[in-house]
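Q: Just one file: structure.tsv, with TSV, C-alpha atoms.
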```tsv
chain	number	residue	atom	x	y	z
A	1066	MET	CA	-8.52	-0.84	8.09
A	1067	ILE	CA	-9.22	0.03	11.68
A	1068	ASP	CA	-9.31	-1.56	15.09
A	1069	ILE	CA	-12.80	-1.52	16.55
A	1070	GLU	CA	-14.47	-2.78	19.69
A	1071	ASP	CA	-16.53	-5.95	19.76
A	1072	ASP	CA	-19.78	-4.09	20.34
A	1073	MET	CA	-19.12	-1.90	17.30
A	1074	LEU	CA	-18.43	-4.96	15.18
A	1075	LYS	CA	-21.91	-6.23	15.96
A	1076	THR	CA	-23.32	-3.35	13.93
A	1077	VAL	CA	-21.17	-4.20	10.88
A	1078	ASP	CA	-22.38	-6.83	8.44
A	1079	ILE	CA	-19.04	-8.12	7.21
A	1080	HIS	CA	-20.67	-10.11	4.40
A	1081	SER	CA	-22.19	-6.94	2.98
A	1082	LEU	CA	-18.69	-5.55	2.53
A	1083	GLN	CA	-17.40	-8.51	0.50
A	1084	THR	CA	-18.25	-6.97	-2.86
A	1085	LEU	CA	-16.35	-4.81	-5.31
A	1086	ALA	CA	-17.94	-2.02	-7.31
A	1087	PRO	CA	-16.48	0.16	-10.08
A	1088	VAL	CA	-15.43	3.79	-9.68
A	1089	HIS	CA	-14.70	5.20	-13.14
A	1090	GLY	CA	-14.02	1.63	-14.27
A	1091	VAL	CA	-11.74	0.68	-11.37
A	1092	PRO	CA	-13.04	-2.03	-8.98
A	1093	VAL	CA	-12.87	-0.97	-5.32
A	1094	GLU	CA	-14.51	-2.03	-2.08
A	1095	ILE	CA	-18.23	-1.33	-2.30
A	1096	GLU	CA	-18.27	1.14	0.60
A	1097	ILE	CA	-15.61	3.23	-1.14
A	1098	ALA	CA	-17.73	3.29	-4.30
A	1099	LYS	CA	-20.87	4.25	-2.36
A	1100	ASN	CA	-19.09	7.13	-0.66
A	1101	TRP	CA	-16.88	8.16	-3.54
A	1102	GLU	CA	-17.92	11.83	-3.61
A	1103	CYS	CA	-16.31	12.57	-0.24
A	1104	VAL	CA	-13.02	11.06	-1.48
A	1105	GLU	CA	-13.14	12.83	-4.83
A	1106	THR	CA	-13.76	16.22	-3.21
A	1107	PHE	CA	-11.15	15.75	-0.47
A	1108	GLN	CA	-9.23	18.93	0.24
A	1109	ALA	CA	-5.48	18.40	0.31
A	1110	ARG	CA	-2.98	20.66	2.03
A	1111	SER	CA	0.31	21.83	0.57
A	1112	ASP	CA	2.30	20.09	3.30
A	1113	ASP	CA	0.53	16.73	2.93
A	1114	VAL	CA	2.77	13.77	2.16
A	1115	VAL	CA	1.01	10.92	0.37
A	1116	ILE	CA	2.28	7.32	0.42
A	1117	ALA	CA	0.74	5.69	-2.65
A	1118	THR	CA	1.08	2.08	-3.80
A	1119	TYR	CA	-0.75	-0.76	-5.41
A	1120	PRO	CA	-1.79	-3.06	-2.51
A	1121	LYS	CA	0.95	-5.22	-0.98
A	1122	ALA	CA	3.78	-3.21	-2.47
A	1123	GLY	CA	5.36	-1.85	0.71
A	1124	THR	CA	2.78	0.69	1.89
A	1125	THR	CA	3.14	0.00	5.60
A	1126	TRP	CA	6.92	-0.14	5.24
A	1127	MET	CA	7.09	3.27	3.58
A	1128	SER	CA	4.54	4.70	6.01
A	1129	GLU	CA	6.76	3.73	8.95
A	1130	ILE	CA	9.89	5.09	7.24
A	1131	VAL	CA	8.26	8.47	6.59
A	1132	ASP	CA	6.73	8.69	10.08
A	1133	MET	CA	10.15	7.95	11.57
A	1134	ILE	CA	11.69	10.66	9.40
A	1135	TYR	CA	9.10	13.21	10.50
A	1136	ASN	CA	9.73	12.26	14.13
A	1137	GLY	CA	13.50	12.46	13.86
A	1138	GLY	CA	13.96	8.73	14.37
A	1139	ASP	CA	12.31	8.89	17.82
A	1140	LEU	CA	10.99	5.35	18.43
A	1141	GLU	CA	8.71	6.34	21.28
A	1142	LYS	CA	6.97	8.97	19.15
A	1143	CYS	CA	6.49	6.39	16.41
A	1144	ARG	CA	4.89	4.07	18.97
A	1145	ARG	CA	2.33	6.71	19.93
A	1146	ASP	CA	-0.30	4.83	17.94
A	1147	VAL	CA	-0.80	2.11	15.34
A	1148	ILE	CA	0.40	2.86	11.82
A	1149	TYR	CA	-3.07	3.02	10.26
A	1150	LYS	CA	-3.96	5.86	12.64
A	1151	ARG	CA	-0.65	7.67	12.20
A	1152	VAL	CA	-1.04	7.36	8.42
A	1153	PRO	CA	-4.80	7.19	7.68
A	1154	VAL	CA	-6.09	5.57	4.49
A	1155	LEU	CA	-7.68	8.32	2.41
A	1156	GLU	CA	-10.40	6.16	0.86
A	1157	LEU	CA	-11.17	4.02	3.94
A	1158	GLN	CA	-14.88	3.37	4.48
A	1159	ILE	CA	-16.26	1.01	7.12
A	1160	PRO	CA	-19.92	1.53	8.11
A	1161	GLY	CA	-20.33	3.07	11.55
A	1162	MET	CA	-16.68	4.10	11.74
A	1163	PRO	CA	-14.95	7.41	10.95
A	1164	SER	CA	-13.95	7.43	7.30
A	1165	GLY	CA	-10.44	8.12	6.12
A	1166	VAL	CA	-11.56	11.54	4.93
A	1167	GLU	CA	-13.10	12.38	8.32
A	1168	THR	CA	-9.98	11.22	10.16
A	1169	LEU	CA	-7.68	13.23	7.90
A	1170	LYS	CA	-9.79	16.38	8.26
A	1171	ALA	CA	-9.21	16.18	12.00
A	1172	THR	CA	-5.49	15.48	11.64
A	1173	PRO	CA	-3.13	18.43	12.22
A	1174	SER	CA	-0.53	19.30	9.60
A	1175	PRO	CA	1.73	17.97	8.33
A	1176	ARG	CA	-0.46	14.98	7.49
A	1177	LEU	CA	0.75	11.64	6.22
A	1178	VAL	CA	-1.82	10.11	3.88
A	1179	LYS	CA	-1.98	6.53	2.63
A	1180	THR	CA	-3.76	5.49	-0.55
A	1181	HIS	CA	-3.98	2.64	-3.04
A	1182	LEU	CA	-5.83	4.73	-5.60
A	1183	PRO	CA	-4.58	4.70	-9.20
A	1184	ILE	CA	-3.43	8.14	-10.22
A	1185	GLN	CA	-6.51	8.92	-12.31
A	1186	LEU	CA	-8.70	8.59	-9.21
A	1187	MET	CA	-6.61	10.87	-7.01
A	1188	PRO	CA	-8.46	13.99	-5.81
A	1189	GLU	CA	-7.44	16.98	-7.91
A	1190	SER	CA	-6.68	19.01	-4.79
A	1191	PHE	CA	-3.42	17.09	-4.28
A	1192	TRP	CA	-2.13	18.41	-7.62
A	1193	GLU	CA	-3.56	21.89	-7.04
A	1194	LYS	CA	-1.73	22.10	-3.69
A	1195	ASN	CA	1.45	20.50	-5.12
A	1196	SER	CA	1.43	17.94	-2.32
A	1197	LYS	CA	4.34	15.52	-2.17
A	1198	VAL	CA	3.66	11.90	-3.15
A	1199	ILE	CA	5.95	8.93	-2.57
A	1200	TYR	CA	4.95	6.06	-4.82
A	1201	VAL	CA	6.34	2.57	-4.19
A	1202	ALA	CA	6.15	-0.05	-6.95
A	1203	ARG	CA	6.79	-3.78	-6.49
A	1204	ASN	CA	7.18	-6.47	-9.15
A	1205	ALA	CA	3.91	-7.97	-10.36
A	1206	LYS	CA	4.62	-11.60	-9.45
A	1207	ASP	CA	5.46	-10.99	-5.79
A	1208	VAL	CA	2.49	-8.65	-5.51
A	1209	ALA	CA	0.22	-11.40	-6.86
A	1210	VAL	CA	1.36	-13.83	-4.17
A	1211	SER	CA	1.22	-11.32	-1.34
A	1212	TYR	CA	-2.19	-10.04	-2.46
A	1213	PHE	CA	-3.53	-13.61	-2.55
A	1214	TYR	CA	-2.57	-14.13	1.09
A	1215	PHE	CA	-4.00	-10.74	2.02
A	1216	TYR	CA	-7.29	-11.51	0.27
A	1217	ASN	CA	-7.52	-14.67	2.37
A	1218	MET	CA	-7.12	-12.80	5.66
A	1219	ALA	CA	-9.11	-9.66	4.75
A	1220	LYS	CA	-12.71	-10.55	5.56
A	1221	PHE	CA	-13.99	-7.34	3.96
A	1222	LEU	CA	-12.88	-8.55	0.50
A	1223	PRO	CA	-14.49	-11.22	-1.71
A	1224	ASP	CA	-13.39	-14.83	-1.28
A	1225	PRO	CA	-10.33	-15.18	-3.56
A	1226	GLY	CA	-10.78	-18.92	-4.17
A	1227	PRO	CA	-7.70	-21.11	-4.71
A	1228	TRP	CA	-4.41	-19.67	-5.98
A	1229	ASP	CA	-4.99	-20.48	-9.67
A	1230	ILE	CA	-8.39	-18.77	-9.66
A	1231	PHE	CA	-7.05	-15.70	-7.88
A	1232	LEU	CA	-4.06	-15.44	-10.21
A	1233	ASP	CA	-6.40	-15.43	-13.20
A	1234	SER	CA	-8.51	-12.68	-11.60
A	1235	TYR	CA	-5.40	-10.68	-10.79
A	1236	MET	CA	-4.09	-10.95	-14.36
A	1237	LYS	CA	-7.45	-9.72	-15.66
A	1238	GLY	CA	-7.53	-6.84	-13.17
A	1239	ASN	CA	-10.62	-8.22	-11.47
A	1240	VAL	CA	-9.29	-7.45	-7.99
A	1241	CYS	CA	-9.59	-4.47	-5.68
A	1242	TYR	CA	-7.91	-1.41	-7.26
A	1243	GLY	CA	-7.86	-3.01	-10.69
A	1244	PRO	CA	-4.93	-4.07	-12.91
A	1245	TRP	CA	-1.44	-3.86	-11.43
A	1246	GLN	CA	-0.07	-2.84	-14.84
A	1247	ASP	CA	-2.37	0.18	-15.17
A	1248	HIS	CA	-1.55	1.28	-11.63
A	1249	VAL	CA	2.25	1.23	-11.86
A	1250	LYS	CA	2.29	2.63	-15.40
A	1251	GLY	CA	-0.18	5.39	-14.56
A	1252	TRP	CA	1.93	6.73	-11.72
A	1253	TRP	CA	5.17	6.24	-13.70
A	1254	GLU	CA	3.92	8.20	-16.69
A	1255	LYS	CA	2.86	11.16	-14.52
A	1256	LYS	CA	5.84	11.20	-12.15
A	1257	ASN	CA	7.37	14.25	-13.85
A	1258	ASN	CA	4.06	16.12	-14.07
A	1259	TYR	CA	3.55	16.33	-10.32
A	1260	ASN	CA	5.56	16.30	-7.09
A	1261	ILE	CA	6.12	12.52	-7.15
A	1262	LEU	CA	9.05	10.42	-5.94
A	1263	TYR	CA	8.81	7.00	-7.62
A	1264	LEU	CA	10.61	4.22	-5.73
A	1265	PHE	CA	10.92	0.46	-6.08
A	1266	TYR	CA	10.33	-2.12	-3.36
A	1267	GLU	CA	13.25	-4.18	-4.61
A	1268	ASP	CA	15.65	-1.23	-4.27
A	1269	LEU	CA	14.45	-0.66	-0.72
A	1270	LYS	CA	15.33	-4.29	0.06
A	1271	VAL	CA	18.85	-4.03	-1.38
A	1272	LYS	CA	19.91	-0.49	-0.49
A	1273	ARG	CA	17.52	0.83	2.14
A	1274	LYS	CA	19.82	3.56	3.45
A	1275	SER	CA	20.45	5.12	0.04
A	1276	GLU	CA	16.72	5.01	-0.72
A	1277	ILE	CA	15.96	6.68	2.61
A	1278	ARG	CA	18.44	9.39	1.64
A	1279	LYS	CA	16.38	9.96	-1.53
A	1280	ILE	CA	13.28	10.30	0.63
A	1281	LEU	CA	15.00	12.77	2.96
A	1282	GLN	CA	16.04	14.90	0.00
A	1283	PHE	CA	12.54	14.75	-1.47
A	1284	LEU	CA	10.96	15.74	1.85
A	1285	GLU	CA	13.61	18.44	2.39
A	1286	VAL	CA	14.51	17.00	5.79
A	1287	GLU	CA	18.03	16.82	7.17
A	1288	LEU	CA	18.95	14.05	9.61
A	1289	SER	CA	22.30	12.83	10.88
A	1290	ASP	CA	23.83	9.59	9.61
A	1291	ASP	CA	23.27	8.06	13.06
A	1292	ILE	CA	19.53	8.74	12.86
A	1293	LEU	CA	19.43	7.44	9.30
A	1294	GLU	CA	21.07	4.21	10.50
A	1295	LYS	CA	18.50	3.99	13.29
A	1296	ILE	CA	15.60	4.42	10.86
A	1297	ALA	CA	17.05	1.83	8.48
A	1298	PHE	CA	17.44	-0.69	11.32
A	1299	HIS	CA	14.02	-0.19	12.85
A	1300	THR	CA	12.28	-0.40	9.46
A	1301	SER	CA	13.82	-3.77	8.62
A	1302	PHE	CA	11.24	-6.49	8.01
A	1303	GLU	CA	12.34	-8.42	11.09
A	1304	GLU	CA	11.90	-5.42	13.39
A	1305	MET	CA	8.56	-4.39	11.90
A	1306	LYS	CA	7.13	-7.92	11.98
A	1307	ASN	CA	7.55	-7.90	15.77
A	1308	ASN	CA	6.28	-4.34	16.23
A	1309	ASP	CA	2.58	-4.35	17.15
A	1310	MET	CA	2.33	-0.71	16.10
A	1311	VAL	CA	2.86	-1.75	12.46
A	1312	ASN	CA	2.04	-5.46	12.07
A	1313	TYR	CA	-1.77	-5.02	12.17
A	1314	ARG	CA	-2.22	-7.51	15.01
A	1315	THR	CA	-4.42	-4.93	16.72
A	1316	VAL	CA	-7.05	-5.20	13.97
A	1317	HIS	CA	-9.99	-7.38	15.00
A	1318	LYS	CA	-9.91	-10.86	13.47
A	1319	LEU	CA	-13.43	-10.38	12.09
A	1320	LEU	CA	-11.88	-7.83	9.73
A	1321	LEU	CA	-8.35	-9.17	9.36
A	1322	ASP	CA	-7.85	-12.80	10.33
A	1323	GLN	CA	-4.16	-13.52	10.82
A	1324	SER	CA	-4.67	-16.99	12.26
A	1325	CYS	CA	-3.49	-18.71	9.06
A	1326	THR	CA	-0.85	-16.24	7.91
A	1327	SER	CA	0.45	-12.92	9.17
A	1328	PHE	CA	-0.05	-9.50	7.62
A	1329	MET	CA	3.73	-9.18	7.49
A	1330	ARG	CA	4.39	-12.59	5.99
A	1331	LYS	CA	7.82	-12.74	4.30
A	1332	GLY	CA	8.72	-9.38	2.80
A	1333	VAL	CA	11.15	-10.93	0.32
A	1334	VAL	CA	11.83	-10.62	-3.40
A	1335	GLY	CA	11.23	-13.78	-5.44
A	1336	ASP	CA	8.70	-15.63	-3.28
A	1337	TRP	CA	6.59	-15.99	-6.44
A	1338	LYS	CA	8.86	-18.90	-7.41
A	1339	ASN	CA	7.31	-20.91	-4.56
A	1340	HIS	CA	3.79	-20.43	-5.96
A	1341	PHE	CA	3.82	-20.11	-9.76
A	1342	THR	CA	3.78	-23.34	-11.74
A	1343	VAL	CA	5.85	-23.46	-14.94
A	1344	ALA	CA	2.68	-23.10	-17.01
A	1345	GLN	CA	1.41	-20.19	-14.89
A	1346	ASN	CA	4.75	-18.42	-15.19
A	1347	GLU	CA	4.84	-18.80	-18.96
A	1348	LYS	CA	1.30	-17.51	-19.33
A	1349	PHE	CA	1.99	-14.64	-16.94
A	1350	ASP	CA	5.17	-13.64	-18.78
A	1351	GLU	CA	3.40	-13.62	-22.13
A	1352	ASP	CA	0.56	-11.47	-20.78
A	1353	TYR	CA	3.01	-9.20	-18.94
A	1354	LYS	CA	5.07	-8.59	-22.08
A	1355	ARG	CA	1.93	-7.59	-23.99
A	1356	GLN	CA	0.59	-5.28	-21.28
A	1357	MET	CA	3.92	-3.62	-20.45
A	1358	SER	CA	5.06	-3.07	-24.03
A	1359	GLY	CA	5.84	0.52	-24.88
A	1360	THR	CA	6.93	1.51	-21.37
A	1361	ASP	CA	10.45	2.04	-20.05
A	1362	LEU	CA	9.33	0.84	-16.61
A	1363	HIS	CA	11.27	-2.25	-15.54
A	1364	PHE	CA	11.16	-4.46	-12.46
A	1365	LYS	CA	13.43	-6.99	-10.76
A	1366	THR	CA	11.71	-10.28	-9.94
A	1367	GLU	CA	14.71	-11.60	-8.02
A	1368	ILE	CA	17.73	-10.10	-6.27
```
Let me see the file written as structure tokens.

A:
Amino acid sequence: MIDIEDDMLKTVDIHSLQTLAPVHGVPVEIEIAKNWECVETFQARSDDVVIATYPKAGTTWMSEIVDMIYNGGDLEKCRRDVIYKRVPVLELQIPGMPSGVETLKATPSPRLVKTHLPIQLMPESFWEKNSKVIYVARNAKDVAVSYFYFYNMAKFLPDPGPWDIFLDSYMKGNVCYGPWQDHVKGWWEKKNNYNILYLFYEDLKVKRKSEIRKILQFLEVELSDDILEKIAFHTSFEEMKNNDMVNYRTVHKLLLDQSCTSFMRKGVVGDWKNHFTVAQNEKFDEDYKRQMSGTDLHFKTEI
């Protein structure tokens, strides 16, 4: 996503973007599919740090944490620009605008890179260069709810329909970036093959400071306890919700309409209970058990 001027928006047919198309069997925004070669052939650098997640699993949160780490907890440096420019989306494609690949090529090292790609679609150069990847996973039910609200505000995605219709699509993997189960399992199964730190959204909610310490160790960065405390405080949901450098309020409403709900909506664990009916929960649990059988990956759906 990107903030663009009104005159530039006139050249973008938003309706033409509201379609998904498959890339190696994974549904993505149509512009990503049409320009896939430039993503696939992207040249990583050895000091790149990738923040990877399934959508609505804490991407912006982790992006801000890592940017604060790299800037030594300096708030002013972290307010130098909006988060989606400080941490460009690798696969971003909006007609008439610089792509994520173009933006990253022009970004000096060390680069922070955001992506929602499943691991099988990641450019090989990241593994060849042994780039560091921080993957954040969030429980499937809360992701479903958060993704539903995001689909409603993101005007470059197909109309999600009512909650029950969207939930059915989500369970079938007929949403942007495909099945949640495949995404989290794919990254989990390869976490020891590559330079990957696999974290959980729920752990970040409960013990943010200890999780940030894990990140510091992974990034081989040393910071004082005072700076760690500062980072933990300024990356709380309450602080970030009111920070225009991270809350996406700068994105034009024709792309991201936050008039009905905000990009940073609740940021809690267990909000799914306010949306799932008893029947939906039973059906979801049955499907979840089938799709997640055989893995030692486990999630907390309440804390």

Q: What does the distance between atom CA of Leu1288 of chain A and atom CA of Gly1138 of chain A come to in Å, to one decimal place?

A: 8.7 Å

Q: Could you please determine the separation between atom CA of Glu1141 of chain A and atom CA of Phe1302 of chain A in Å, to one decimal place?

A: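 One can read the atom CA of Glu1141 of chain A to atom CA of Phe1302 of chain A distance as 18.6 Å.
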
Q: When you count all atoms listed in the file, which of these residues is closest to Ala1122 of chain A: A:Asp1291, A:Glu1276, A:Asp1352, A:Asp1207?

A: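 Closest residue, counting all atoms listed in the file: A:Asp1207.
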
Q: Output, as AutoDock Vina command-line options, the centre and edge lengths in Å (one decimal) of the axis-aligned box that contains all listed atoms of segment 1246-1254 of chain A with 3 Å of margin on each side.

A:
```
--center_x 1.4 --center_y 2.7 --center_z -14.2 --size_x 13.5 --size_y 17.0 --size_z 11.1
```

Q: Report as an MDAnalysis selection string all protein, DNA and RNA residues lying within 8 Å of Glu1129 of chain A, evaluated on all atoms listed in the file, omitting residues in the same chain fewer than 2 positions from it.

A: chainID A and resid 1125:1127 1131:1133 1143 1148 1300 1311

Q: Please provide the set of residues having any atom within 9 Å of Glu1367 of chain A, restricted to all atoms listed in the file, with same-chain residues fewer than 5 positions apart removed, written as a PDB file with C-alpha atoms, in the coordinates of the input.

A:
```pdb
ATOM      1  CA  GLU A1267      13.250  -4.180  -4.610  1.00  0.00           C
ATOM      2  CA  VAL A1334      11.830 -10.620  -3.400  1.00  0.00           C
ATOM      3  CA  GLY A1335      11.230 -13.780  -5.440  1.00  0.00           C
ATOM      4  CA  ASP A1336       8.700 -15.630  -3.280  1.00  0.00           C
TER       5      ASP A1336
END
```

Q: Quick one: of A:Ile1134, A:Val1178, A:Leu1262, A:Leu1232, who's nearest to Tyr1149 of chain A, counting only C-alpha atoms?

A: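 With only C-alpha atoms as the atom set, the closest residue is A:Val1178.
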
Q: Quick one, how far is atom CA of Asp1361 of chain A from atom CA of Trp1253 of chain A?

A: 9.3 Å

Q: Using only C-alpha atoms, which of the listed residues (A:Thr1342, A:Thr1124, A:Asn1217, A:Ser1358) sits closest to Leu1320 of chain A?

A: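 With only C-alpha atoms as the atom set, the closest residue is A:Asn1217.
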
Q: Using all atoms listed in the file for the distances, tell me which of A:Leu1264, A:Val1152, A:Ile1368, A:Leu1186 is nearest to Gly1251 of chain A.

A: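 Result for the nearest residue to Gly1251 of chain A: A:Leu1186.
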
Q: A:Ile1184, A:Thr1118, A:Leu1085, A:Val1147: which is nearest Glu1254 of chain A, counting only C-alpha atoms?

A: A:Ile1184

Q: Missing atoms in segment 1110-1129 of chain A: can you complete it with N, CA, C and O atoms, as a short mmCIF file (atom, residue, chain, number, x, y, z; two decimals), keeping the file's coordinate frame?

A:
```cif
data_model
loop_
_atom_site.label_atom_id
_atom_site.label_comp_id
_atom_site.auth_asym_id
_atom_site.auth_seq_id
_atom_site.Cartn_x
_atom_site.Cartn_y
_atom_site.Cartn_z
N ARG A 1110 -3.74 19.52 1.54
CA ARG A 1110 -2.98 20.66 2.03
C ARG A 1110 -1.60 20.62 1.38
O ARG A 1110 -1.11 19.55 1.01
N SER A 1111 -0.97 21.76 1.28
CA SER A 1111 0.31 21.83 0.57
C SER A 1111 1.41 21.05 1.26
O SER A 1111 2.37 20.63 0.63
N ASP A 1112 1.27 20.84 2.58
CA ASP A 1112 2.30 20.09 3.30
C ASP A 1112 1.92 18.64 3.54
O ASP A 1112 2.58 17.93 4.30
N ASP A 1113 0.87 18.16 2.88
CA ASP A 1113 0.53 16.73 2.93
C ASP A 1113 1.63 15.92 2.27
O ASP A 1113 2.22 16.35 1.27
N VAL A 1114 1.89 14.74 2.82
CA VAL A 1114 2.77 13.77 2.16
C VAL A 1114 1.96 12.49 1.96
O VAL A 1114 1.45 11.91 2.93
N VAL A 1115 1.81 12.08 0.72
CA VAL A 1115 1.01 10.92 0.37
C VAL A 1115 1.93 9.72 0.12
O VAL A 1115 2.92 9.84 -0.60
N ILE A 1116 1.59 8.58 0.73
CA ILE A 1116 2.28 7.32 0.42
C ILE A 1116 1.30 6.52 -0.43
O ILE A 1116 0.24 6.11 0.04
N ALA A 1117 1.64 6.35 -1.70
CA ALA A 1117 0.74 5.69 -2.65
C ALA A 1117 1.39 4.41 -3.17
O ALA A 1117 2.58 4.38 -3.48
N THR A 1118 0.61 3.35 -3.25
CA THR A 1118 1.08 2.08 -3.80
C THR A 1118 -0.10 1.29 -4.33
O THR A 1118 -1.24 1.52 -3.94
N TYR A 1119 0.19 0.33 -5.18
CA TYR A 1119 -0.75 -0.76 -5.41
C TYR A 1119 -0.70 -1.60 -4.13
O TYR A 1119 0.33 -1.65 -3.45
N PRO A 1120 -1.81 -2.27 -3.75
CA PRO A 1120 -1.79 -3.06 -2.51
C PRO A 1120 -0.65 -4.07 -2.47
O PRO A 1120 -0.28 -4.65 -3.48
N LYS A 1121 -0.11 -4.24 -1.28
CA LYS A 1121 0.95 -5.22 -0.98
C LYS A 1121 2.26 -4.91 -1.70
O LYS A 1121 3.00 -5.80 -2.10
N ALA A 1122 2.54 -3.62 -1.81
CA ALA A 1122 3.78 -3.21 -2.47
C ALA A 1122 4.70 -2.42 -1.53
O ALA A 1122 5.59 -1.70 -2.00
N GLY A 1123 4.48 -2.53 -0.23
CA GLY A 1123 5.36 -1.85 0.71
C GLY A 1123 4.76 -0.61 1.33
O GLY A 1123 5.51 0.26 1.81
N THR A 1124 3.45 -0.50 1.36
CA THR A 1124 2.78 0.69 1.89
C THR A 1124 3.08 0.92 3.37
O THR A 1124 3.45 2.02 3.78
N THR A 1125 2.90 -0.13 4.17
CA THR A 1125 3.14 0.00 5.60
C THR A 1125 4.61 0.29 5.87
O THR A 1125 4.96 1.09 6.75
N TRP A 1126 5.47 -0.35 5.13
CA TRP A 1126 6.92 -0.14 5.24
C TRP A 1126 7.26 1.33 5.01
O TRP A 1126 7.94 1.96 5.83
N MET A 1127 6.79 1.88 3.90
CA MET A 1127 7.09 3.27 3.58
C MET A 1127 6.42 4.22 4.58
O MET A 1127 6.99 5.25 4.95
N SER A 1128 5.23 3.86 5.03
CA SER A 1128 4.54 4.70 6.01
C SER A 1128 5.37 4.83 7.28
O SER A 1128 5.51 5.92 7.85
N GLU A 1129 5.94 3.71 7.74
CA GLU A 1129 6.76 3.73 8.95
C GLU A 1129 8.05 4.50 8.73
O GLU A 1129 8.50 5.26 9.61
#
```
